[in-house]
Amino acid sequence: MISDIKAFREELEKNGVSLVAVSKTQSNEAVRDLYGQGQRIFGENKVQELLGKKDELPADIQWHVIGHLQTNKVKYIADFVAMIHSVDSLKVLKEINKQAKKVDRVIPVLLQFHIAEEDTKFGLDWQEAEELLNSEAYLQMSNIEICGVMGMATFTEDESQVRREFKALTNIFNQLKTAFFPDSEKFKEISMGMSGDYKLAMEEGSTIVRIGSLLFGERTYG
């Protein structure tokens with residue numbers, strides 16, 4: 001575990017990297033402890049768990065949704081979520097835009113790409129992303145802001161494979177930037193890297209790391 005959260009965060013920030021503390025399955029007390037050490041950005045995988053924490057914890061926490069998002073859950077988070085990392089379809093993006101419009105917000109989102117060799121990970125491929133970004137539906141949206149990309153590497157000890165997958169996501173980001181977002185100052189984020197591989201992710205261009213067990217200890221399920 002990392003003992004000095006503040007120093008860790010500052011070291012990341014010196015390298016242009018933001019820290020999302022992954023608080024899924026963690027207690028409110030554990031979140032408050034990190035909050036007390038200056039951490040303000042927390043990431044949750046499940047909307048239901050996020051809603052259970054939000055009202056019990058400080059109002060200035062920036063909540064990021066980092067897990068697969070079902071369209072029927074978007075309405076519950078549209079008025080406060082700081083960023084959604086896991087947009088993996090036009091259907092989800094449409095719903096985010098729809099719910100954001102109802103609460104007069106522009107919600108920052110990331111496009112999630114499938115970069116791992118595992119079949120269980122969600123995410124777009126290049127062709128699907130092109131179709132999404134060229135679609136009339138997307139071009140009509142005014143209540144979402146695509147700020148970059150997100151991906152999860154294969155869970156493996158093979159560092160060369162993980163590095164290759166991170167490199168692939170950075171290449172996708174660069175291609176998207178050139179083809180679709182050349183004038184966007186907001187399109188700048190590459191969300192990749194977790195407790196076991198964040199150093200590799202940073203070397204390959206990550207701007208947001210999603211860290212759980214290194215901050216909180218191993219998760220407990222119950």
# chains A, B, ... in the order shown; residues from 1 in each chain; ligands from 1
$ select_by_dssp --residues "region 79-151 of chain A" --states "alpha helix (DSSP H)" --output "number ranges by chain"
A: 90-102, 126-134, 136-139
$ residues_around --residues "Met192 (chain A)" --least-positions-apart "5" --cutoff "8 Å" --atoms "only C-alpha atoms" --output "list in words"
Met150, Gly151, Met152, Ala153, Phe166, Tyr198, Ala201, Ser206, Thr207, Ile208, Val209 and Arg210 of chain A
$ residues_around --residues "Phe155 (chain A)" --least-positions-apart "3" --cutoff "9 Å" --atoms "only C-alpha atoms" --output "PyMOL selection string"
chain A and resi 116+118+152+158+162+196
$ residues_around --residues "Ile144 (chain A)" --least-positions-apart "4" --cutoff "9 Å" --atoms "only C-alpha atoms" --output "list of chain:residue names"
A:Leu93, A:Ile96, A:Asn97, A:Ala100, A:Lys101, A:Arg105, A:Val106, A:Ile107, A:Pro108, A:Val109
$ write_last_selection --atoms "all heavy atoms" --output "short mmCIF file (atom, residue, chain, number, x, y, z; two decimals), in the first residue's frame"
data_model
loop_
_atom_site.label_atom_id
_atom_site.label_comp_id
_atom_site.auth_asym_id
_atom_site.auth_seq_id
_atom_site.Cartn_x
_atom_site.Cartn_y
_atom_site.Cartn_z
N LEU A 93 -24.23 6.78 -25.13
CA LEU A 93 -23.93 8.20 -25.33
C LEU A 93 -25.21 9.01 -25.53
O LEU A 93 -25.36 10.11 -24.99
CB LEU A 93 -22.99 8.38 -26.52
CG LEU A 93 -22.23 9.71 -26.58
CD1 LEU A 93 -21.34 9.89 -25.36
CD2 LEU A 93 -21.40 9.79 -27.85
N ILE A 96 -26.86 9.49 -22.14
CA ILE A 96 -26.15 10.47 -21.32
C ILE A 96 -26.50 11.88 -21.79
O ILE A 96 -26.79 12.78 -20.99
CB ILE A 96 -24.62 10.25 -21.39
CG1 ILE A 96 -24.25 8.90 -20.76
CG2 ILE A 96 -23.87 11.38 -20.66
CD1 ILE A 96 -22.81 8.48 -21.02
N ASN A 97 -26.49 12.08 -23.09
CA ASN A 97 -26.84 13.40 -23.64
C ASN A 97 -28.27 13.78 -23.28
O ASN A 97 -28.55 14.91 -22.88
CB ASN A 97 -26.67 13.37 -25.16
CG ASN A 97 -26.87 14.74 -25.78
OD1 ASN A 97 -26.05 15.64 -25.63
ND2 ASN A 97 -27.98 14.90 -26.49
N ALA A 100 -28.44 14.53 -19.51
CA ALA A 100 -27.69 15.76 -19.22
C ALA A 100 -28.50 16.99 -19.64
O ALA A 100 -28.49 18.01 -18.94
CB ALA A 100 -26.34 15.74 -19.94
N LYS A 101 -29.19 16.86 -20.75
CA LYS A 101 -30.00 17.98 -21.24
C LYS A 101 -31.11 18.31 -20.24
O LYS A 101 -31.42 19.49 -20.00
CB LYS A 101 -30.59 17.63 -22.60
CG LYS A 101 -31.26 18.79 -23.31
CD LYS A 101 -31.62 18.42 -24.74
CE LYS A 101 -32.17 19.62 -25.49
NZ LYS A 101 -32.46 19.30 -26.90
N ARG A 105 -26.85 20.25 -18.12
CA ARG A 105 -25.41 20.03 -17.91
C ARG A 105 -24.76 19.55 -19.20
O ARG A 105 -25.42 18.99 -20.08
CB ARG A 105 -25.15 18.96 -16.84
CG ARG A 105 -25.50 19.35 -15.43
CD ARG A 105 -24.94 18.30 -14.47
NE ARG A 105 -23.48 18.33 -14.44
CZ ARG A 105 -22.71 17.27 -14.17
NH1 ARG A 105 -23.24 16.08 -13.96
NH2 ARG A 105 -21.40 17.39 -14.15
N VAL A 106 -23.45 19.75 -19.28
CA VAL A 106 -22.61 19.09 -20.29
C VAL A 106 -21.73 18.11 -19.53
O VAL A 106 -20.93 18.52 -18.68
CB VAL A 106 -21.76 20.10 -21.08
CG1 VAL A 106 -20.83 19.36 -22.04
CG2 VAL A 106 -22.64 21.08 -21.84
N ILE A 107 -21.90 16.81 -19.79
CA ILE A 107 -21.19 15.80 -19.02
C ILE A 107 -19.93 15.35 -19.77
O ILE A 107 -20.01 14.94 -20.93
CB ILE A 107 -22.10 14.58 -18.74
CG1 ILE A 107 -23.29 15.01 -17.87
CG2 ILE A 107 -21.32 13.46 -18.07
CD1 ILE A 107 -24.27 13.89 -17.57
N PRO A 108 -18.78 15.44 -19.12
CA PRO A 108 -17.54 14.94 -19.73
C PRO A 108 -17.54 13.41 -19.77
O PRO A 108 -17.89 12.76 -18.77
CB PRO A 108 -16.44 15.45 -18.80
CG PRO A 108 -17.09 16.50 -17.93
CD PRO A 108 -18.52 16.09 -17.82
N VAL A 109 -17.16 12.85 -20.92
CA VAL A 109 -17.13 11.39 -21.06
C VAL A 109 -15.85 10.96 -21.78
O VAL A 109 -15.20 11.76 -22.46
CB VAL A 109 -18.36 10.87 -21.85
CG1 VAL A 109 -19.66 11.29 -21.20
CG2 VAL A 109 -18.32 11.33 -23.31
#
$ residues_around --residues "region 67-79 of chain A" --least-positions-apart "4" --cutoff "8 Å" --atoms "only C-alpha atoms" --output "list in words"
Glu44, Asn45, Lys46, Val47, Leu51, His85, Ser86, Val87, Lys91, Val92, Glu95, Ile96, Gln99, Ala100, Val103, Arg105, Ile107 and Phe122 of chain A
$ write_last_selection --atoms "C-alpha atoms" --output "mmCIF file, in the first residue's frame"
data_model
loop_
_atom_site.group_PDB
_atom_site.id
_atom_site.type_symbol
_atom_site.label_atom_id
_atom_site.label_comp_id
_atom_site.auth_asym_id
_atom_site.auth_seq_id
_atom_site.Cartn_x
_atom_site.Cartn_y
_atom_site.Cartn_z
ATOM 1 C CA GLU A 44 -17.153 3.771 -8.716
ATOM 2 C CA ASN A 45 -18.087 0.826 -10.919
ATOM 3 C CA LYS A 46 -21.741 0.476 -9.967
ATOM 4 C CA VAL A 47 -24.307 3.257 -9.925
ATOM 5 C CA LEU A 51 -25.660 6.552 -4.968
ATOM 6 C CA HIS A 85 -15.109 6.786 -18.389
ATOM 7 C CA SER A 86 -17.010 3.874 -19.855
ATOM 8 C CA VAL A 87 -18.950 4.982 -22.942
ATOM 9 C CA LYS A 91 -26.857 3.993 -27.284
ATOM 10 C CA VAL A 92 -25.184 4.876 -23.975
ATOM 11 C CA GLU A 95 -28.849 8.445 -23.072
ATOM 12 C CA ILE A 96 -26.146 10.475 -21.323
ATOM 13 C CA GLN A 99 -30.329 13.001 -19.294
ATOM 14 C CA ALA A 100 -27.691 15.758 -19.221
ATOM 15 C CA VAL A 103 -30.551 18.868 -15.911
ATOM 16 C CA ARG A 105 -25.413 20.034 -17.907
ATOM 17 C CA ILE A 107 -21.191 15.796 -19.023
ATOM 18 C CA PHE A 122 -16.297 -4.015 -22.738
#
$ atom_distance --atom1 "CA of Ala21 (chain A)" --atom2 "CA of Ile5 (chain A)"
10.2 Å
$ residues_around --residues "region 168-171 of chain A" --least-positions-apart "2" --cutoff "12 Å" --atoms "only C-alpha atoms" --output "ChimeraX atom specification"
/A:111-116,123-126,148-153,161-166,173-178,188-193,201-207
$ select_by_dssp --residues "region 18-128 of chain A" --states "strand (DSSP E or B)" --output "MDAnalysis selection string"
chainID A and resid 18:22 41:44 62:65 83:87 107:113 124
$ closest_residue --among "A:Glu56, A:Glu130, A:Glu145, A:Glu218" --to "Ala179 (chain A)" --atoms "only C-alpha atoms"
A:Glu130
$ closest_residue --among "A:Ile211, A:Leu50, A:Gln37, A:Met83" --to "Val22 (chain A)" --atoms "only C-alpha atoms"
A:Ile211
$ atom_distance --atom1 "CA of Lys167 (chain A)" --atom2 "CA of Met194 (chain A)"
15.2 Å
$ decode --residues "region 64-200 of chain A" --atoms "C-alpha atoms" --output "short mmCIF file (atom, residue, chain, number, x, y, z; two decimals), in the first residue's frame"
data_model
loop_
_atom_site.label_atom_id
_atom_site.label_comp_id
_atom_site.auth_asym_id
_atom_site.auth_seq_id
_atom_site.Cartn_x
_atom_site.Cartn_y
_atom_site.Cartn_z
CA HIS A 64 -16.26 9.28 -11.79
CA VAL A 65 -18.15 6.29 -13.18
CA ILE A 66 -15.53 3.80 -14.36
CA GLY A 67 -17.57 0.61 -14.78
CA HIS A 68 -19.93 -0.57 -17.49
CA LEU A 69 -22.93 1.76 -17.50
CA GLN A 70 -26.45 0.60 -18.28
CA THR A 71 -28.68 3.15 -19.99
CA ASN A 72 -31.42 2.84 -17.36
CA LYS A 73 -28.98 4.00 -14.65
CA VAL A 74 -27.80 7.20 -16.36
CA LYS A 75 -30.71 9.31 -15.05
CA TYR A 76 -29.61 8.72 -11.46
CA ILE A 77 -26.15 10.26 -11.92
CA ALA A 78 -26.67 12.90 -14.62
CA ASP A 79 -27.02 15.82 -12.21
CA PHE A 80 -23.71 15.31 -10.41
CA VAL A 81 -21.28 12.89 -12.08
CA ALA A 82 -17.94 14.55 -12.88
CA MET A 83 -16.91 12.15 -15.66
CA ILE A 84 -18.06 8.89 -17.23
CA HIS A 85 -15.11 6.79 -18.39
CA SER A 86 -17.01 3.87 -19.86
CA VAL A 87 -18.95 4.98 -22.94
CA ASP A 88 -18.88 1.89 -25.14
CA SER A 89 -21.81 2.48 -27.50
CA LEU A 90 -23.82 5.16 -29.26
CA LYS A 91 -26.86 3.99 -27.28
CA VAL A 92 -25.18 4.88 -23.97
CA LEU A 93 -23.93 8.20 -25.33
CA LYS A 94 -27.43 9.12 -26.51
CA GLU A 95 -28.85 8.45 -23.07
CA ILE A 96 -26.15 10.47 -21.32
CA ASN A 97 -26.84 13.40 -23.64
CA LYS A 98 -30.59 13.06 -23.09
CA GLN A 99 -30.33 13.00 -19.29
CA ALA A 100 -27.69 15.76 -19.22
CA LYS A 101 -30.00 17.98 -21.24
CA LYS A 102 -32.78 17.49 -18.67
CA VAL A 103 -30.55 18.87 -15.91
CA ASP A 104 -28.90 21.51 -18.12
CA ARG A 105 -25.41 20.03 -17.91
CA VAL A 106 -22.61 19.09 -20.29
CA ILE A 107 -21.19 15.80 -19.02
CA PRO A 108 -17.54 14.94 -19.73
CA VAL A 109 -17.13 11.39 -21.06
CA LEU A 110 -14.44 9.05 -22.35
CA LEU A 111 -14.84 6.48 -25.10
CA GLN A 112 -13.96 3.02 -23.81
CA PHE A 113 -11.96 0.84 -26.20
CA HIS A 114 -11.43 -2.89 -26.09
CA ILE A 115 -7.65 -3.28 -25.99
CA ALA A 116 -7.28 -6.48 -23.94
CA GLU A 117 -7.07 -9.99 -25.34
CA GLU A 118 -9.68 -11.07 -22.80
CA ASP A 119 -13.22 -11.39 -24.15
CA THR A 120 -14.83 -10.19 -20.93
CA LYS A 121 -13.87 -6.53 -21.27
CA PHE A 122 -16.30 -4.01 -22.74
CA GLY A 123 -15.26 -1.47 -25.33
CA LEU A 124 -15.40 -0.14 -28.85
CA ASP A 125 -13.14 -1.07 -31.74
CA TRP A 126 -11.90 1.50 -34.24
CA GLN A 127 -14.66 0.90 -36.77
CA GLU A 128 -17.39 1.26 -34.14
CA ALA A 129 -15.82 4.49 -32.90
CA GLU A 130 -15.68 5.90 -36.43
CA GLU A 131 -19.33 5.03 -36.99
CA LEU A 132 -20.30 6.63 -33.68
CA LEU A 133 -18.37 9.85 -34.31
CA ASN A 134 -19.65 10.16 -37.87
CA SER A 135 -23.27 9.46 -36.93
CA GLU A 136 -25.90 12.16 -37.28
CA ALA A 137 -27.05 11.36 -33.73
CA TYR A 138 -23.63 12.20 -32.26
CA LEU A 139 -23.23 15.32 -34.36
CA GLN A 140 -26.52 16.65 -32.94
CA MET A 141 -25.45 16.16 -29.30
CA SER A 142 -24.77 19.29 -27.24
CA ASN A 143 -24.83 17.98 -23.67
CA ILE A 144 -21.81 15.67 -23.73
CA GLU A 145 -18.12 16.47 -24.16
CA ILE A 146 -15.85 13.66 -25.34
CA CYS A 147 -12.60 14.27 -23.46
CA GLY A 148 -10.54 11.25 -24.48
CA VAL A 149 -10.34 7.48 -24.23
CA MET A 150 -10.30 4.72 -21.64
CA GLY A 151 -9.14 1.12 -21.71
CA MET A 152 -8.24 -1.86 -19.56
CA ALA A 153 -5.26 -4.06 -20.27
CA THR A 154 -5.27 -7.82 -19.96
CA PHE A 155 -4.82 -9.10 -16.41
CA THR A 156 -1.47 -10.80 -16.92
CA GLU A 157 2.08 -10.75 -15.61
CA ASP A 158 3.36 -10.40 -19.17
CA GLU A 159 4.51 -6.77 -19.10
CA SER A 160 5.27 -6.71 -22.82
CA GLN A 161 1.65 -7.59 -23.59
CA VAL A 162 0.30 -4.96 -21.18
CA ARG A 163 2.63 -2.34 -22.64
CA ARG A 164 1.54 -3.28 -26.16
CA GLU A 165 -2.12 -2.85 -25.21
CA PHE A 166 -1.50 0.52 -23.57
CA LYS A 167 0.47 1.63 -26.61
CA ALA A 168 -2.50 0.62 -28.78
CA LEU A 169 -4.84 2.85 -26.77
CA THR A 170 -2.47 5.81 -27.05
CA ASN A 171 -2.34 5.24 -30.81
CA ILE A 172 -6.15 5.22 -30.93
CA PHE A 173 -6.22 8.47 -28.96
CA ASN A 174 -3.77 10.10 -31.38
CA GLN A 175 -5.74 8.92 -34.41
CA LEU A 176 -9.01 10.20 -32.95
CA LYS A 177 -7.40 13.52 -32.06
CA THR A 178 -6.21 13.99 -35.62
CA ALA A 179 -9.35 12.76 -37.35
CA PHE A 180 -12.14 14.04 -35.13
CA PHE A 181 -10.88 16.41 -32.43
CA PRO A 182 -8.03 18.49 -33.90
CA ASP A 183 -9.35 21.74 -32.42
CA SER A 184 -10.66 20.40 -29.11
CA GLU A 185 -8.76 21.50 -26.02
CA LYS A 186 -10.92 19.15 -23.94
CA PHE A 187 -9.93 16.01 -25.87
CA LYS A 188 -6.78 15.27 -23.88
CA GLU A 189 -7.35 12.32 -21.53
CA ILE A 190 -6.11 8.74 -21.72
CA SER A 191 -7.54 6.80 -18.78
CA MET A 192 -5.49 3.63 -18.38
CA GLY A 193 -3.52 1.96 -15.64
CA MET A 194 -4.55 0.44 -12.32
CA SER A 195 -2.74 -0.62 -9.16
CA GLY A 196 -0.75 -3.38 -10.85
CA ASP A 197 0.21 -1.63 -14.08
CA TYR A 198 -0.08 2.14 -13.62
CA LYS A 199 3.67 2.73 -14.05
CA LEU A 200 3.61 1.05 -17.46
#
